[in-house]
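Visitor: Pasting a structure here, questions to come.
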Amino acid sequence: MEAEPPLYPMAGAAGPQGDEDRLGVPDGPEAPLDELVGAYPNYNEEEEERRYYRRKRLGVLKNVLAASAGGMLTYGVYLGLLQMQLILHYDETYREVKYGNMGLPDIDSKMLMGINVTPIAALLYTPVLIRFFGTKWMMFLAVGIYALFVSTNYWERYYTLVPSAVALGMAIVPLWASMGNYITRMAQKYHEYSHYKEQDGQGMKQRPPRGSHAPYLLVFQAIFYSFFHLSFACAQLPMIYFLNHYLYDLNHTLYNVQSCGTNSHGILSGFNKTVLRTLPRSGNLIVVESVLMAVAFLAMLLVRPGMGSGQSVKQSVLGLCGAAYRPTEEIDLRSVGWGNIFQLPFKHVRDYRLRHLVPFFIYSGFEVLFACTGIALGYGVCSVGLERLAYLLVAYSLGASAASLLGLLGLWLPRPVPLVAGAGVHLLLTFILFFWAPVPRVLQHSWILYVAAALWGVGSALNKTGLSTLLGILYEDKERQDFIFTIYHWWQAVAIFTVYLGSSLHMKPGAVAAACNHSYS
């Protein structure tokens, strides 16, 4: 009986066609080594390099989109929950029926105090957190703290709301500092991957020409802020689809309001203490909060640090944000002593360029304050009712999101033009609103309010996009720009805190304004 041939040919043995395979290359021990281990005959090194850097550039775009969407969802959930929570807590009937003598107004005032006052100390602890965690992990942990704040609303007590509000206040400036630095680093990396041939010729250690990454930075900042400004619109979804069904109309809530705008004394003087026709069921509130909690977790997944050198592809599926720095660069930061880390922001404060930009930093905090209090409450809610607050903020959001793309004009115009244009729009609107006082409970002029809110959003977008881009361009020679953005958003926090000290907003319906100011700080 003949032996069956082996299923797989033995190593070193001649194939079925003799001493040569189908390609004509000798098989077995006589096969030439170069033919076995040499380069693939159709390999094109230049084409493969081009494809490699194209994948790198697409990865950078993915990082920018993930960070932008994560920021939008984070602040959309935070502002939407806080706005709904404070409106419910403002209603006297809701407080008495649901919480009795628990002292809910005092808890809300302490919570807003934690959100607005804590960032004042951010200049001291932000450098330490960034040194310890790095840019991408700082983003992830800060978004996690926002999710923690959302989760505490399942059980509204002093020992849950106030500590989480203090933690959230501590996370505001580190989040924005790391976000600003992350977008700037992505622009620098995109330039590096787009001009890899020049980098190879000059050497990796030599810095690219000054301002070479500016066009990419303008585009990325426009993308980031066009996404982020949509968070104000996302925050109104709980109001539009849930809470508005329980609100009284303007004839009830504005019954004792006599004047609005420039004629009013304070914000919403005479506003009714009861704003809810019927109390929402606890089960319905839990469903809304669960949806918000799910979106907060999605935001955490979006900004979760992506695949590093020690991770597999499966581990990186849900981690969309790649590293901002190479591992060696992160190690270099951690080699800086703790004393020097504390001193870095204060050293940068002495820079003459930052000193000249401080008025813009402070103004950046004031203008958001006016949008959330003056336009939304003093002109909007005061005249057209609380049920239209959501639509006013949607108009502001859409105007700001669309105008963020106007930052691309910096590709052709001088850098200060967006900043000056944004301030000019706000100055013109302020001048017009100074001479206009809407009549309470009259809807004929409501279109003016929507136009004013949208135009104020245009000015806000030009201001935020212009400032962030300008900082990224001016300080591109700094190895770490986290500390530059820390100073920027710390000054915003100081401006908001100054107004908060003299504000009587704590329990107004829409006291979310006192916290939505920190959307930019």
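Identifiers in this document derive from the order of the structure tokens: chains are assigned A, B, ..., residues are numbered from 1 separately in each chain, and ligands are numbered from 1 in order of occurrence.
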Skip stretch 297-302 of chain A itself and residues of its chain fewer than 2 positions away, then list as a list in words all residues within 8 Å of it, counting only C-alpha atoms.

Guide: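 Contacts, with the query itself left out: Ala66, Ala67, Ala69, Gly70, Gly71, Leu73, Thr74, Phe140, Val143, Gly144, Ala147, Met293, Ala294, Val295, Arg304, Leu318, Gly319, Leu320 and Cys321 of chain A.
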
Visitor: If we count only C-alpha atoms, what is near stretch 385-401 of chain A at a cut-off of 7 Å, once residues fewer than 4 positions away on the same chain are taken out, given as a PyMOL selection string?

Guide: chain A and resi 225-227+229-230+232-233+236+239-240+244+247+249-250+254+376+380-381+450+453-458+460-461

Visitor: For the residues selected in the previous step, produce a file with N, CA, C and O atoms as a tab-separated table (two decimals), in the first residue's frame.

Guide:
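Saved result, selection.tsv, follows:
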chain	number	residue	atom	x	y	z
A	225	TYR	N	-15.07	75.22	19.20
A	225	TYR	CA	-16.08	76.13	19.76
A	225	TYR	C	-17.41	76.03	19.02
A	225	TYR	O	-18.46	76.32	19.62
A	226	SER	N	-17.42	75.65	17.75
A	226	SER	CA	-18.70	75.44	17.08
A	226	SER	C	-19.44	74.26	17.70
A	226	SER	O	-20.67	74.28	17.82
A	227	PHE	N	-18.69	73.23	18.10
A	227	PHE	CA	-19.31	72.11	18.84
A	227	PHE	C	-19.72	72.56	20.23
A	227	PHE	O	-20.84	72.29	20.68
A	229	HIS	N	-20.38	75.44	21.69
A	229	HIS	CA	-21.49	76.37	21.88
A	229	HIS	C	-22.84	75.70	21.70
A	229	HIS	O	-23.86	76.23	22.16
A	230	LEU	N	-22.87	74.55	21.04
A	230	LEU	CA	-24.12	73.81	20.95
A	230	LEU	C	-24.55	73.22	22.29
A	230	LEU	O	-25.68	72.74	22.42
A	232	PHE	N	-25.24	74.80	24.92
A	232	PHE	CA	-26.36	75.60	25.45
A	232	PHE	C	-27.68	75.13	24.86
A	232	PHE	O	-28.70	75.12	25.55
A	233	ALA	N	-27.67	74.75	23.59
A	233	ALA	CA	-28.89	74.22	22.97
A	233	ALA	C	-29.22	72.84	23.52
A	233	ALA	O	-30.39	72.54	23.81
A	236	GLN	N	-31.05	72.76	26.81
A	236	GLN	CA	-32.46	73.15	26.87
A	236	GLN	C	-33.40	72.00	26.54
A	236	GLN	O	-34.62	72.16	26.65
A	239	MET	N	-35.71	71.07	29.35
A	239	MET	CA	-36.73	72.11	29.53
A	239	MET	C	-37.83	71.99	28.47
A	239	MET	O	-39.03	72.01	28.78
A	240	ILE	N	-37.41	71.84	27.21
A	240	ILE	CA	-38.37	71.85	26.11
A	240	ILE	C	-39.27	70.63	26.14
A	240	ILE	O	-40.50	70.72	25.98
A	244	ASN	N	-41.18	72.20	30.59
A	244	ASN	CA	-42.12	73.22	30.10
A	244	ASN	C	-43.58	72.76	30.21
A	244	ASN	O	-44.48	73.60	30.27
A	247	LEU	N	-44.94	74.07	33.65
A	247	LEU	CA	-44.81	75.47	34.02
A	247	LEU	C	-46.10	76.25	33.79
A	247	LEU	O	-46.84	76.00	32.83
A	249	ASP	N	-48.03	79.71	32.63
A	249	ASP	CA	-47.72	80.64	31.55
A	249	ASP	C	-47.32	81.99	32.13
A	249	ASP	O	-47.34	82.22	33.36
A	250	LEU	N	-46.97	82.92	31.25
A	250	LEU	CA	-46.43	84.21	31.69
A	250	LEU	C	-47.46	85.05	32.44
A	250	LEU	O	-47.09	85.91	33.26
A	254	LEU	N	-45.58	86.30	35.71
A	254	LEU	CA	-45.20	87.71	35.60
A	254	LEU	C	-46.31	88.65	36.07
A	254	LEU	O	-46.30	89.84	35.74
A	376	ALA	N	-30.98	86.94	29.09
A	376	ALA	CA	-31.88	85.80	29.29
A	376	ALA	C	-32.92	86.07	30.37
A	376	ALA	O	-34.09	85.69	30.20
A	380	GLY	N	-35.42	88.75	28.77
A	380	GLY	CA	-36.17	87.64	28.20
A	380	GLY	C	-37.27	87.13	29.10
A	380	GLY	O	-38.47	87.31	28.82
A	381	VAL	N	-36.90	86.46	30.21
A	381	VAL	CA	-37.90	85.89	31.12
A	381	VAL	C	-38.80	86.97	31.68
A	381	VAL	O	-40.01	86.76	31.86
A	450	TYR	N	-34.85	87.37	20.45
A	450	TYR	CA	-34.14	86.27	19.80
A	450	TYR	C	-32.98	86.78	18.95
A	450	TYR	O	-31.90	86.18	18.94
A	453	ALA	N	-30.21	87.84	21.36
A	453	ALA	CA	-29.51	86.68	21.92
A	453	ALA	C	-28.56	86.06	20.90
A	453	ALA	O	-27.42	85.69	21.21
A	454	ALA	N	-29.03	85.93	19.64
A	454	ALA	CA	-28.17	85.34	18.60
A	454	ALA	C	-26.97	86.23	18.32
A	454	ALA	O	-25.84	85.73	18.17
A	455	LEU	N	-27.17	87.54	18.26
A	455	LEU	CA	-26.05	88.44	17.98
A	455	LEU	C	-25.07	88.47	19.15
A	455	LEU	O	-23.85	88.60	18.94
A	456	TRP	N	-25.57	88.36	20.37
A	456	TRP	CA	-24.65	88.30	21.51
A	456	TRP	C	-23.82	87.01	21.44
A	456	TRP	O	-22.65	86.99	21.80
A	457	GLY	N	-24.44	85.94	20.97
A	457	GLY	CA	-23.70	84.71	20.76
A	457	GLY	C	-22.61	84.87	19.71
A	457	GLY	O	-21.52	84.28	19.84
A	458	VAL	N	-22.88	85.65	18.68
A	458	VAL	CA	-21.85	85.92	17.66
A	458	VAL	C	-20.65	86.60	18.29
A	458	VAL	O	-19.49	86.21	18.05
A	460	SER	N	-19.76	86.54	21.46
A	460	SER	CA	-19.11	85.60	22.38
A	460	SER	C	-18.21	84.62	21.63
A	460	SER	O	-17.09	84.33	22.06
A	461	ALA	N	-18.71	84.12	20.50
A	461	ALA	CA	-17.92	83.16	19.72
A	461	ALA	C	-16.64	83.81	19.19
A	461	ALA	O	-15.56	83.20	19.24

Visitor: Mind checking which residues fall within 9 Å of A:Ala122, counting only C-alpha atoms, ignoring those fewer than 2 positions away in the same chain, and posting them as a compact mmCIF listing (two decimals) with all heavy atoms, in the first residue's frame?

Guide:
# COMPACT_ATOMS: atom_id res chain seq x y z
N THR A 118 -14.84 78.25 44.49
CA THR A 118 -13.70 77.34 44.48
C THR A 118 -12.70 77.62 43.39
O THR A 118 -11.49 77.51 43.63
CB THR A 118 -14.20 75.88 44.38
OG1 THR A 118 -15.21 75.65 45.36
CG2 THR A 118 -13.06 74.91 44.60
N PRO A 119 -13.10 77.99 42.14
CA PRO A 119 -12.09 78.23 41.10
C PRO A 119 -11.11 79.36 41.40
O PRO A 119 -10.09 79.47 40.71
CB PRO A 119 -12.94 78.57 39.87
CG PRO A 119 -14.25 77.92 40.11
CD PRO A 119 -14.47 78.02 41.59
N ILE A 120 -11.37 80.18 42.43
CA ILE A 120 -10.45 81.26 42.74
C ILE A 120 -9.08 80.70 43.15
O ILE A 120 -8.04 81.31 42.90
CB ILE A 120 -11.03 82.15 43.87
CG1 ILE A 120 -12.30 82.82 43.38
CG2 ILE A 120 -10.03 83.21 44.31
CD1 ILE A 120 -12.11 83.68 42.16
N LEU A 124 -3.39 77.73 42.18
CA LEU A 124 -2.48 77.01 43.06
C LEU A 124 -2.47 75.51 42.78
O LEU A 124 -1.41 74.89 42.78
CB LEU A 124 -2.87 77.26 44.53
CG LEU A 124 -2.82 78.72 44.99
CD1 LEU A 124 -3.33 78.82 46.43
CD2 LEU A 124 -1.40 79.26 44.90
N TYR A 125 -3.65 74.92 42.55
CA TYR A 125 -3.69 73.46 42.44
C TYR A 125 -3.70 72.95 41.00
O TYR A 125 -3.37 71.79 40.76
CB TYR A 125 -4.89 72.90 43.19
CG TYR A 125 -6.24 73.36 42.70
CD1 TYR A 125 -6.82 72.81 41.56
CD2 TYR A 125 -6.97 74.33 43.39
CE1 TYR A 125 -8.07 73.22 41.12
CE2 TYR A 125 -8.21 74.73 42.95
CZ TYR A 125 -8.76 74.18 41.82
OH TYR A 125 -9.99 74.58 41.39
N THR A 126 -4.08 73.78 40.02
CA THR A 126 -4.14 73.30 38.64
C THR A 126 -2.78 72.82 38.13
O THR A 126 -2.70 71.74 37.52
CB THR A 126 -4.71 74.38 37.71
OG1 THR A 126 -6.03 74.72 38.14
CG2 THR A 126 -4.77 73.89 36.27
N PRO A 127 -1.67 73.56 38.33
CA PRO A 127 -0.37 73.05 37.86
C PRO A 127 0.00 71.70 38.48
O PRO A 127 0.59 70.85 37.81
CB PRO A 127 0.61 74.15 38.29
CG PRO A 127 -0.20 75.37 38.43
CD PRO A 127 -1.53 74.90 38.92
N MET A 170 -13.65 72.84 41.60
CA MET A 170 -12.21 72.59 41.49
C MET A 170 -11.81 72.08 40.11
O MET A 170 -10.69 72.28 39.67
CB MET A 170 -11.77 71.58 42.55
CG MET A 170 -11.82 72.07 43.97
SD MET A 170 -11.14 70.87 45.13
CE MET A 170 -9.43 70.80 44.59
N ALA A 171 -12.75 71.42 39.42
CA ALA A 171 -12.43 70.82 38.12
C ALA A 171 -12.59 71.78 36.95
O ALA A 171 -12.13 71.47 35.85
CB ALA A 171 -13.31 69.59 37.89
N ILE A 172 -13.23 72.93 37.16
CA ILE A 172 -13.55 73.81 36.04
C ILE A 172 -12.30 74.33 35.34
O ILE A 172 -12.12 74.14 34.12
CB ILE A 172 -14.43 74.98 36.52
CG1 ILE A 172 -15.83 74.48 36.87
CG2 ILE A 172 -14.52 76.07 35.46
CD1 ILE A 172 -16.72 75.51 37.52
N VAL A 173 -11.42 74.98 36.07
CA VAL A 173 -10.22 75.56 35.45
C VAL A 173 -9.27 74.48 34.92
O VAL A 173 -8.76 74.61 33.79
CB VAL A 173 -9.50 76.51 36.43
CG1 VAL A 173 -8.18 77.00 35.86
CG2 VAL A 173 -10.41 77.70 36.75
N PRO A 174 -8.99 73.39 35.65
CA PRO A 174 -8.15 72.33 35.06
C PRO A 174 -8.72 71.75 33.78
O PRO A 174 -7.98 71.45 32.84
CB PRO A 174 -8.08 71.27 36.17
CG PRO A 174 -8.28 72.03 37.44
CD PRO A 174 -9.25 73.11 37.08
N THR A 486 -4.36 78.14 31.94
CA THR A 486 -4.77 78.23 33.35
C THR A 486 -4.95 79.69 33.76
O THR A 486 -5.94 80.05 34.42
CB THR A 486 -3.72 77.56 34.25
OG1 THR A 486 -3.64 76.17 33.92
CG2 THR A 486 -4.09 77.70 35.71
N TRP A 490 -8.43 81.37 34.78
CA TRP A 490 -8.47 81.84 36.16
C TRP A 490 -8.95 83.29 36.22
O TRP A 490 -9.75 83.64 37.11
CB TRP A 490 -7.08 81.73 36.79
CG TRP A 490 -7.03 82.21 38.21
CD1 TRP A 490 -7.50 81.58 39.31
CD2 TRP A 490 -6.49 83.47 38.67
NE1 TRP A 490 -7.29 82.34 40.43
CE2 TRP A 490 -6.66 83.51 40.07
CE3 TRP A 490 -5.87 84.54 38.03
CZ2 TRP A 490 -6.25 84.59 40.83
CZ3 TRP A 490 -5.45 85.62 38.80
CH2 TRP A 490 -5.64 85.63 40.19
N ALA A 493 -12.58 83.28 35.95
CA ALA A 493 -13.20 82.89 37.22
C ALA A 493 -13.20 84.04 38.21
O ALA A 493 -14.16 84.22 38.97
CB ALA A 493 -12.47 81.68 37.80

Visitor: Residues within 9 Å of A:Phe435, please, as a ChimeraX atom specification. Count only C-alpha atoms; anything in the same chain fewer than 4 positions from it doesn't count.

Guide: /A:261-262,430-431

Visitor: Store the residues picked out above in a file with N, CA, C and O atoms, as a PDB file, in the first residue's frame.

Guide:
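Writing the result to part18.pdb gives the following:
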ATOM      1  N   GLY A 261     -35.835  95.162  31.683  1.00  0.00           N
ATOM      2  CA  GLY A 261     -34.732  95.838  30.999  1.00  0.00           C
ATOM      3  C   GLY A 261     -34.139  96.949  31.825  1.00  0.00           C
ATOM      4  O   GLY A 261     -33.923  96.813  33.036  1.00  0.00           O
ATOM      5  N   THR A 262     -33.915  98.084  31.201  1.00  0.00           N
ATOM      6  CA  THR A 262     -33.265  99.208  31.884  1.00  0.00           C
ATOM      7  C   THR A 262     -34.169  99.852  32.931  1.00  0.00           C
ATOM      8  O   THR A 262     -33.685 100.570  33.811  1.00  0.00           O
ATOM      9  N   THR A 430     -25.096  96.419  23.553  1.00  0.00           N
ATOM     10  CA  THR A 430     -25.274  97.027  24.880  1.00  0.00           C
ATOM     11  C   THR A 430     -25.844  98.427  24.765  1.00  0.00           C
ATOM     12  O   THR A 430     -26.734  98.829  25.539  1.00  0.00           O
ATOM     13  N   PHE A 431     -25.366  99.188  23.794  1.00  0.00           N
ATOM     14  CA  PHE A 431     -25.858 100.558  23.590  1.00  0.00           C
ATOM     15  C   PHE A 431     -27.339 100.547  23.216  1.00  0.00           C
ATOM     16  O   PHE A 431     -28.136 101.350  23.714  1.00  0.00           O
TER      17      PHE A 431
END

Visitor: Where in stretch 71-256 of chain A does DSSP assign helix (DSSP H, G or I), given as a count of residues only?

Guide: 156

Visitor: Could you tell me which of A:Leu474, A:Met186, A:Val60, A:Ile115 comes closest to A:Tyr352 if we count only C-alpha atoms?

Guide: A:Leu474

Visitor: For A:Pro359, which of A:Thr253, A:Leu470, A:Ser282, A:Trp491 is the closest residue, counting only C-alpha atoms?

Guide: A:Trp491

Visitor: List the neighbours of A:Ile484 out to 9 Å using only C-alpha atoms; skip same-chain residues closer than 6 positions along the sequence, and give me the result as a list in words.

Guide: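 These residues fall inside the cut-off: Ala177, Asn181, Pro345, His348, Val349, Leu354, Leu471, Gly472 and Tyr475 of chain A.
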